[in-house]
file structure.txt (compact mmCIF, C-alpha atoms and all ligand atoms)
# COMPACT_ATOMS: atom_id res chain seq x y z
CA MET A 1 120.52 101.12 110.53
CA ARG A 2 118.47 103.90 112.06
CA ILE A 3 114.72 103.97 111.37
CA THR A 4 113.01 107.37 111.64
CA LEU A 5 109.31 108.20 111.35
CA LEU A 6 108.17 111.52 109.92
CA GLN A 7 104.74 112.98 109.25
CA ASP A 8 105.36 114.87 106.03
CA ASP A 9 105.09 114.95 102.25
CA ILE A 10 107.68 112.52 100.87
CA THR A 11 108.45 114.78 97.89
CA ARG A 12 110.08 117.25 100.32
CA GLN A 13 112.59 114.75 101.67
CA ASP A 14 116.31 115.31 101.12
CA ALA A 15 117.18 111.60 101.38
CA ASP A 16 119.54 110.16 98.74
CA ALA A 17 116.63 108.16 97.36
CA ILE A 18 112.89 108.41 97.79
CA VAL A 19 110.66 105.46 97.03
CA ASN A 20 107.63 105.82 94.79
CA ALA A 21 104.49 103.70 95.30
CA ALA A 22 104.11 103.29 91.55
CA ASN A 23 102.08 101.00 89.31
CA SER A 24 103.38 98.51 86.73
CA SER A 25 103.07 100.97 83.85
CA LEU A 26 105.67 103.30 85.46
CA LEU A 27 103.89 106.09 83.62
CA GLY A 28 102.39 107.90 86.62
CA GLY A 29 99.17 107.89 88.61
CA GLY A 30 97.66 109.48 91.71
CA GLY A 31 98.79 109.53 95.35
CA VAL A 32 102.55 109.53 96.00
CA ASP A 33 103.19 108.72 92.35
CA GLY A 34 101.32 111.78 91.12
CA ALA A 35 103.03 114.02 93.68
CA ILE A 36 106.52 112.77 92.76
CA HIS A 37 106.02 113.31 89.03
CA ARG A 38 104.42 116.73 89.60
CA ARG A 39 107.22 118.03 91.81
CA GLY A 40 110.08 116.18 90.13
CA GLY A 41 109.25 117.38 86.63
CA PRO A 42 109.37 115.61 83.25
CA ALA A 43 112.84 114.06 83.60
CA ILE A 44 111.43 111.28 85.80
CA LEU A 45 108.78 110.33 83.26
CA ALA A 46 111.39 110.44 80.48
CA ASP A 47 113.49 107.89 82.40
CA CYS A 48 110.40 105.76 83.05
CA ARG A 49 109.55 105.74 79.37
CA MET A 50 113.09 104.57 78.59
CA LEU A 51 112.70 101.72 81.07
CA ARG A 52 109.43 100.73 79.38
CA ALA A 53 111.16 100.82 76.00
CA SER A 54 114.01 98.60 77.22
CA ARG A 55 114.17 96.34 80.27
CA TYR A 56 110.52 96.59 81.33
CA GLY A 57 108.59 96.38 78.07
CA ARG A 58 105.71 94.65 79.88
CA GLY A 59 105.89 96.90 82.91
CA LEU A 60 107.53 96.58 86.33
CA PRO A 61 106.20 93.45 88.10
CA THR A 62 104.60 93.77 91.55
CA GLY A 63 107.18 93.50 94.34
CA GLN A 64 110.12 94.65 92.21
CA ALA A 65 111.96 98.01 92.17
CA VAL A 66 113.88 100.15 89.71
CA ALA A 67 115.60 103.55 89.95
CA THR A 68 115.39 106.71 87.88
CA THR A 69 116.63 110.26 88.25
CA ALA A 70 114.80 112.36 90.84
CA GLY A 71 114.58 115.30 88.43
CA GLU A 72 113.99 118.52 90.36
CA LEU A 73 113.39 116.83 93.71
CA ARG A 74 115.93 117.23 96.51
CA ALA A 75 116.69 113.50 96.40
CA ARG A 76 119.22 112.10 93.91
CA TRP A 77 117.14 109.13 92.83
CA VAL A 78 113.57 107.90 92.82
CA ILE A 79 113.21 104.17 93.38
CA HIS A 80 109.92 103.02 91.85
CA THR A 81 108.30 99.94 93.30
CA VAL A 82 104.90 98.38 92.69
CA GLY A 83 102.95 97.33 95.76
CA PRO A 84 100.27 94.65 95.64
CA VAL A 85 96.59 95.63 95.64
CA PHE A 86 95.18 94.49 99.00
CA SER A 87 93.08 91.33 98.89
CA ALA A 88 90.99 90.04 101.78
CA SER A 89 90.91 86.53 100.28
CA GLN A 90 94.58 86.13 99.30
CA ASP A 91 97.69 86.77 101.42
CA ARG A 92 99.91 89.11 99.39
CA SER A 93 102.12 90.12 102.34
CA GLU A 94 105.22 88.60 100.79
CA LEU A 95 104.86 90.86 97.75
CA LEU A 96 104.52 93.91 99.99
CA ALA A 97 107.63 92.88 101.97
CA SER A 98 109.43 92.37 98.66
CA CYS A 99 108.83 96.03 97.72
CA TYR A 100 110.85 97.15 100.75
CA ARG A 101 113.55 94.50 100.28
CA GLU A 102 113.99 95.17 96.57
CA SER A 103 114.01 98.94 97.09
CA LEU A 104 116.87 98.55 99.58
CA ARG A 105 118.71 96.28 97.16
CA VAL A 106 118.44 98.94 94.44
CA ALA A 107 119.54 101.59 96.98
CA ASP A 108 122.65 99.49 97.70
CA GLU A 109 123.39 99.28 93.97
CA LEU A 110 123.14 103.06 93.73
CA GLY A 111 125.24 103.65 96.85
CA ALA A 112 122.39 105.49 98.60
CA ALA A 113 122.91 105.84 102.36
CA SER A 114 119.50 107.35 103.14
CA VAL A 115 116.15 106.17 101.77
CA ALA A 116 112.66 107.58 102.39
CA PHE A 117 109.69 105.22 102.05
CA PRO A 118 105.97 106.00 101.88
CA ALA A 119 103.47 103.50 103.30
CA ILE A 120 103.33 101.42 100.11
CA SER A 121 99.90 100.00 99.09
CA THR A 122 98.00 101.83 101.89
CA GLY A 123 96.30 104.40 99.64
CA ILE A 124 94.68 103.58 96.34
CA TYR A 125 95.73 99.90 96.75
CA GLY A 126 93.71 99.62 99.97
CA TRP A 127 96.04 97.83 102.42
CA PRO A 128 94.99 98.31 106.09
CA MET A 129 97.52 100.67 107.70
CA GLY A 130 98.37 98.68 110.84
CA ASP A 131 99.12 95.50 108.92
CA ALA A 132 101.06 97.37 106.22
CA ALA A 133 103.16 99.11 108.89
CA ARG A 134 104.10 95.79 110.55
CA ILE A 135 105.08 94.29 107.19
CA ALA A 136 107.09 97.42 106.24
CA VAL A 137 109.04 97.65 109.49
CA GLY A 138 109.60 93.88 109.63
CA ALA A 139 110.87 93.74 106.04
CA VAL A 140 113.25 96.68 106.45
CA ARG A 141 114.69 95.29 109.69
CA ALA A 142 115.16 91.83 108.14
CA THR A 143 116.99 93.08 105.03
CA PRO A 144 120.79 93.14 105.05
CA THR A 145 121.77 96.52 103.52
CA ARG A 146 124.38 99.26 103.56
CA VAL A 147 121.62 101.87 103.87
CA THR A 148 122.11 103.48 107.29
CA ASP A 149 119.17 105.91 107.38
CA VAL A 150 115.66 104.65 106.61
CA ARG A 151 112.79 107.11 106.95
CA PHE A 152 109.12 106.23 106.78
CA VAL A 153 107.36 109.38 105.63
CA LEU A 154 103.71 109.17 106.60
CA PHE A 155 101.02 111.48 105.34
CA SER A 156 98.48 111.24 108.16
CA GLN A 157 98.50 111.17 111.95
CA ASP A 158 96.90 107.71 111.82
CA ALA A 159 99.62 106.36 109.56
CA TYR A 160 102.29 107.83 111.82
CA ALA A 161 100.68 106.21 114.88
CA ALA A 162 100.47 102.83 113.12
CA PHE A 163 104.17 102.95 112.26
CA GLU A 164 105.04 104.03 115.82
CA ASP A 165 103.25 100.91 117.08
CA ALA A 166 105.01 98.74 114.51
CA VAL A 167 108.45 100.08 115.45
CA ALA A 168 107.71 99.61 119.14
CA GLY A 169 106.32 96.13 118.50
CA THR A 170 103.10 97.04 120.30
CA ALA A 171 100.74 96.69 117.35
CA GLY A 172 97.65 94.60 117.96
CA GLY A 173 96.20 91.91 115.70
CA PRO A 174 94.79 92.62 112.24
N1 LIG B 1 103.86 111.89 100.77
C1 LIG B 1 103.77 110.86 101.64
N2 LIG B 1 102.74 109.99 101.64
C2 LIG B 1 101.75 110.20 100.74
C3 LIG B 1 101.76 111.26 99.81
C4 LIG B 1 102.88 112.13 99.85
N3 LIG B 1 103.00 113.16 99.01
N4 LIG B 1 100.64 111.17 99.03
C5 LIG B 1 99.93 110.11 99.48
N5 LIG B 1 100.59 109.52 100.52
P1 LIG B 1 99.18 105.72 97.26
P2 LIG B 1 99.35 102.82 96.74
C6 LIG B 1 100.23 108.31 101.29
O1 LIG B 1 97.76 105.75 96.86
O2 LIG B 1 98.27 102.54 97.73
C7 LIG B 1 98.98 105.52 92.27
O3 LIG B 1 97.99 105.93 91.37
C8 LIG B 1 98.82 107.84 101.22
O4 LIG B 1 98.03 108.50 102.18
O5 LIG B 1 100.08 106.81 96.79
O6 LIG B 1 100.59 101.96 96.75
C9 LIG B 1 100.00 104.61 91.61
O7 LIG B 1 100.25 104.98 90.27
C10 LIG B 1 98.98 106.35 101.54
O8 LIG B 1 99.07 106.12 102.94
O9 LIG B 1 99.91 104.33 96.80
C11 LIG B 1 99.33 103.28 91.69
O10 LIG B 1 98.40 103.10 90.65
C12 LIG B 1 100.34 105.98 100.95
O11 LIG B 1 101.00 107.24 100.73
C13 LIG B 1 98.62 103.32 93.02
O12 LIG B 1 98.39 104.70 93.27
C14 LIG B 1 100.29 105.22 99.64
O13 LIG B 1 99.19 105.67 98.85
C15 LIG B 1 99.44 102.78 94.14
O14 LIG B 1 98.67 102.74 95.32
call {"tool": "encode", "arguments": {"input": "structure.txt", "output": "structure tokens"}}
result
Amino acid sequence: MRITLLQDDITRQDADAIVNAANSSLLGGGGVDGAIHRRGGPAILADCRMLRASRYGRGLPTGQAVATTAGELRARWVIHTVGPVFSASQDRSELLASCYRESLRVADELGAASVAFPAISTGIYGWPMGDAARIAVGAVRATPTRVTDVRFVLFSQDAYAAFEDAVAGTAGGP
């Protein structure tokens, strides 16, 4: 598996699947989620509503992942996953790692060879970037998968630098 870092808007990626940092409702929000629904058009929300009406009546649990169409995006699929809200008093790292693992599992089910990830939980959900980057890179490397091309698509220079450190294994303590 090749891991690539990009500083870009994830909605512009031409990967087979792009991952959405969603919330349990699957019905949209701000950040990456808002951008994906805006650019991808109403077909994504229509699929999400069907998921809520069937398998995920109570919403998608934190740490899990599910795929929909990518609508008008260049990708073929959007894989929605729900990151944990950061907590200073409780270690939720395993749930964050699970987002990456489960997204790759869904990608394998779809037959996706390339997957683009945002830095899940590092925006509205408040996870410190350096720690989130280490968890993301560690989880992806530790997951057996047929995905050959994993891209982390980072919005800011700081996020890009944090992921560079995580890939190089030079990140400092929390
Ligand atoms: N492309 C790449 N990265 C982006 C983009 C983009 N277009 N937009 C933001 N980021 P967030 P979360 C970065 O808040 O923390 C939503 O309302 C952003 O700078 O999108 O998991 C959902 O519905 C940050 O580093 O996701 C949930 O309610 C990272 O992507 C909640 O936010 C993730 O930020 C999820 O919060």
call {"tool": "atom_distance", "arguments": {"input": "structure.txt", "atom1": "atom CA of Glu102 of chain A", "atom2": "atom CA of Glu72 of chain A"}}
result
24.2 Å
call {"tool": "atom_distance", "arguments": {"input": "structure.txt", "atom1": "atom CA of Gly41 of chain A", "atom2": "atom CA of Arg76 of chain A"}}
result
13.4 Å
call {"tool": "residues_near_point", "arguments": {"input": "structure.txt", "point": "(109.3, 94.9, 85.2)", "cutoff": "10 Å", "atoms": "all atoms listed in the file", "output": "PyMOL selection string"}}
result
chain A and resi 24-26+51-52+54-66+81-82
call {"tool": "closest_residue", "arguments": {"input": "structure.txt", "among": "A:Arg49, A:Arg146, A:His37, A:Arg12", "to": "Asp108 of chain A", "atoms": "all atoms listed in the file"}}
result
A:Arg146
call {"tool": "closest_atom_pairs", "arguments": {"input": "structure.txt", "of": "chain A", "to": "ligand LIG 1 (chain B)", "cutoff": "9 Å", "atoms": "all atoms listed in the file", "output": "JSON lines"}}
result
{"residue": "A:Gln7", "atom": "CA", "partner": "B:LIG1", "partner_atom": "C1", "distance": 8.0}
{"residue": "A:Asp8", "atom": "CA", "partner": "B:LIG1", "partner_atom": "C1", "distance": 6.2}
{"residue": "A:Asp9", "atom": "CA", "partner": "B:LIG1", "partner_atom": "N1", "distance": 3.6}
{"residue": "A:Ile10", "atom": "CA", "partner": "B:LIG1", "partner_atom": "N1", "distance": 3.9}
{"residue": "A:Thr11", "atom": "CA", "partner": "B:LIG1", "partner_atom": "N3", "distance": 5.8}
{"residue": "A:Arg12", "atom": "CA", "partner": "B:LIG1", "partner_atom": "N1", "distance": 8.2}
{"residue": "A:Asn20", "atom": "CA", "partner": "B:LIG1", "partner_atom": "O5", "distance": 7.9}
{"residue": "A:Ala21", "atom": "CA", "partner": "B:LIG1", "partner_atom": "O6", "distance": 4.5}
{"residue": "A:Ala22", "atom": "CA", "partner": "B:LIG1", "partner_atom": "C9", "distance": 4.3}
{"residue": "A:Asn23", "atom": "CA", "partner": "B:LIG1", "partner_atom": "C11", "distance": 4.3}
{"residue": "A:Ser24", "atom": "CA", "partner": "B:LIG1", "partner_atom": "O10", "distance": 7.8}
{"residue": "A:Ser25", "atom": "CA", "partner": "B:LIG1", "partner_atom": "O7", "distance": 8.1}
{"residue": "A:Leu26", "atom": "CA", "partner": "B:LIG1", "partner_atom": "O7", "distance": 7.4}
{"residue": "A:Leu27", "atom": "CA", "partner": "B:LIG1", "partner_atom": "O7", "distance": 7.7}
{"residue": "A:Gly28", "atom": "CA", "partner": "B:LIG1", "partner_atom": "O7", "distance": 5.1}
{"residue": "A:Gly29", "atom": "CA", "partner": "B:LIG1", "partner_atom": "O7", "distance": 3.5}
{"residue": "A:Gly30", "atom": "CA", "partner": "B:LIG1", "partner_atom": "O3", "distance": 3.6}
{"residue": "A:Gly31", "atom": "CA", "partner": "B:LIG1", "partner_atom": "O5", "distance": 3.3}
{"residue": "A:Val32", "atom": "CA", "partner": "B:LIG1", "partner_atom": "O5", "distance": 3.8}
{"residue": "A:Asp33", "atom": "CA", "partner": "B:LIG1", "partner_atom": "O7", "distance": 5.2}
{"residue": "A:Gly34", "atom": "CA", "partner": "B:LIG1", "partner_atom": "O3", "distance": 6.7}
{"residue": "A:Ala35", "atom": "CA", "partner": "B:LIG1", "partner_atom": "N3", "distance": 5.4}
{"residue": "A:Ile36", "atom": "CA", "partner": "B:LIG1", "partner_atom": "N3", "distance": 7.2}
{"residue": "A:Thr81", "atom": "CA", "partner": "B:LIG1", "partner_atom": "O6", "distance": 8.7}
{"residue": "A:Val82", "atom": "CA", "partner": "B:LIG1", "partner_atom": "O6", "distance": 6.9}
{"residue": "A:Gly83", "atom": "CA", "partner": "B:LIG1", "partner_atom": "O6", "distance": 5.3}
{"residue": "A:Pro84", "atom": "CA", "partner": "B:LIG1", "partner_atom": "O6", "distance": 7.4}
{"residue": "A:Val85", "atom": "CA", "partner": "B:LIG1", "partner_atom": "O2", "distance": 7.4}
{"residue": "A:Phe86", "atom": "CA", "partner": "B:LIG1", "partner_atom": "O2", "distance": 8.7}
{"residue": "A:Phe117", "atom": "CA", "partner": "B:LIG1", "partner_atom": "C1", "distance": 8.2}
{"residue": "A:Pro118", "atom": "CA", "partner": "B:LIG1", "partner_atom": "N2", "distance": 5.1}
{"residue": "A:Ala119", "atom": "CA", "partner": "B:LIG1", "partner_atom": "C12", "distance": 4.6}
{"residue": "A:Ile120", "atom": "CA", "partner": "B:LIG1", "partner_atom": "O6", "distance": 4.4}
{"residue": "A:Ser121", "atom": "CA", "partner": "B:LIG1", "partner_atom": "O6", "distance": 3.1}
{"residue": "A:Thr122", "atom": "CA", "partner": "B:LIG1", "partner_atom": "O2", "distance": 4.2}
{"residue": "A:Gly123", "atom": "CA", "partner": "B:LIG1", "partner_atom": "O13", "distance": 3.3}
{"residue": "A:Ile124", "atom": "CA", "partner": "B:LIG1", "partner_atom": "O1", "distance": 3.8}
{"residue": "A:Tyr125", "atom": "CA", "partner": "B:LIG1", "partner_atom": "O2", "distance": 3.8}
{"residue": "A:Gly126", "atom": "CA", "partner": "B:LIG1", "partner_atom": "O2", "distance": 5.9}
{"residue": "A:Trp127", "atom": "CA", "partner": "B:LIG1", "partner_atom": "O2", "distance": 7.0}
{"residue": "A:Met129", "atom": "CA", "partner": "B:LIG1", "partner_atom": "O8", "distance": 7.4}
{"residue": "A:Phe152", "atom": "CA", "partner": "B:LIG1", "partner_atom": "C1", "distance": 8.7}
{"residue": "A:Val153", "atom": "CA", "partner": "B:LIG1", "partner_atom": "C1", "distance": 5.6}
{"residue": "A:Leu154", "atom": "CA", "partner": "B:LIG1", "partner_atom": "N2", "distance": 5.1}
{"residue": "A:Phe155", "atom": "CA", "partner": "B:LIG1", "partner_atom": "N2", "distance": 4.3}
{"residue": "A:Ser156", "atom": "CA", "partner": "B:LIG1", "partner_atom": "O4", "distance": 6.6}
{"residue": "A:Ala159", "atom": "CA", "partner": "B:LIG1", "partner_atom": "O8", "distance": 6.6}
call {"tool": "atom_distance", "arguments": {"input": "structure.txt", "atom1": "atom CA of Ala107 of chain A", "atom2": "atom CA of Ala75 of chain A"}}
result
12.3 Å
call {"tool": "residues_around", "arguments": {"input": "structure.txt", "residues": "Thr68 of chain A", "least_positions_apart": "2", "cutoff": "9 Å", "atoms": "all atoms listed in the file", "output": "PyMOL selection string"}}
result
chain A and resi 43-45+47-48+51+66+70-71+76-80
call {"tool": "axis_aligned_box", "arguments": {"input": "structure.txt", "around": "segment 39-53 of chain A", "padding_each_side": "3 Å", "output": "JSON"}}
result
{"center_x": 110.4, "center_y": 109.4, "center_z": 83.9, "size_x": 12.3, "size_y": 23.3, "size_z": 21.8}
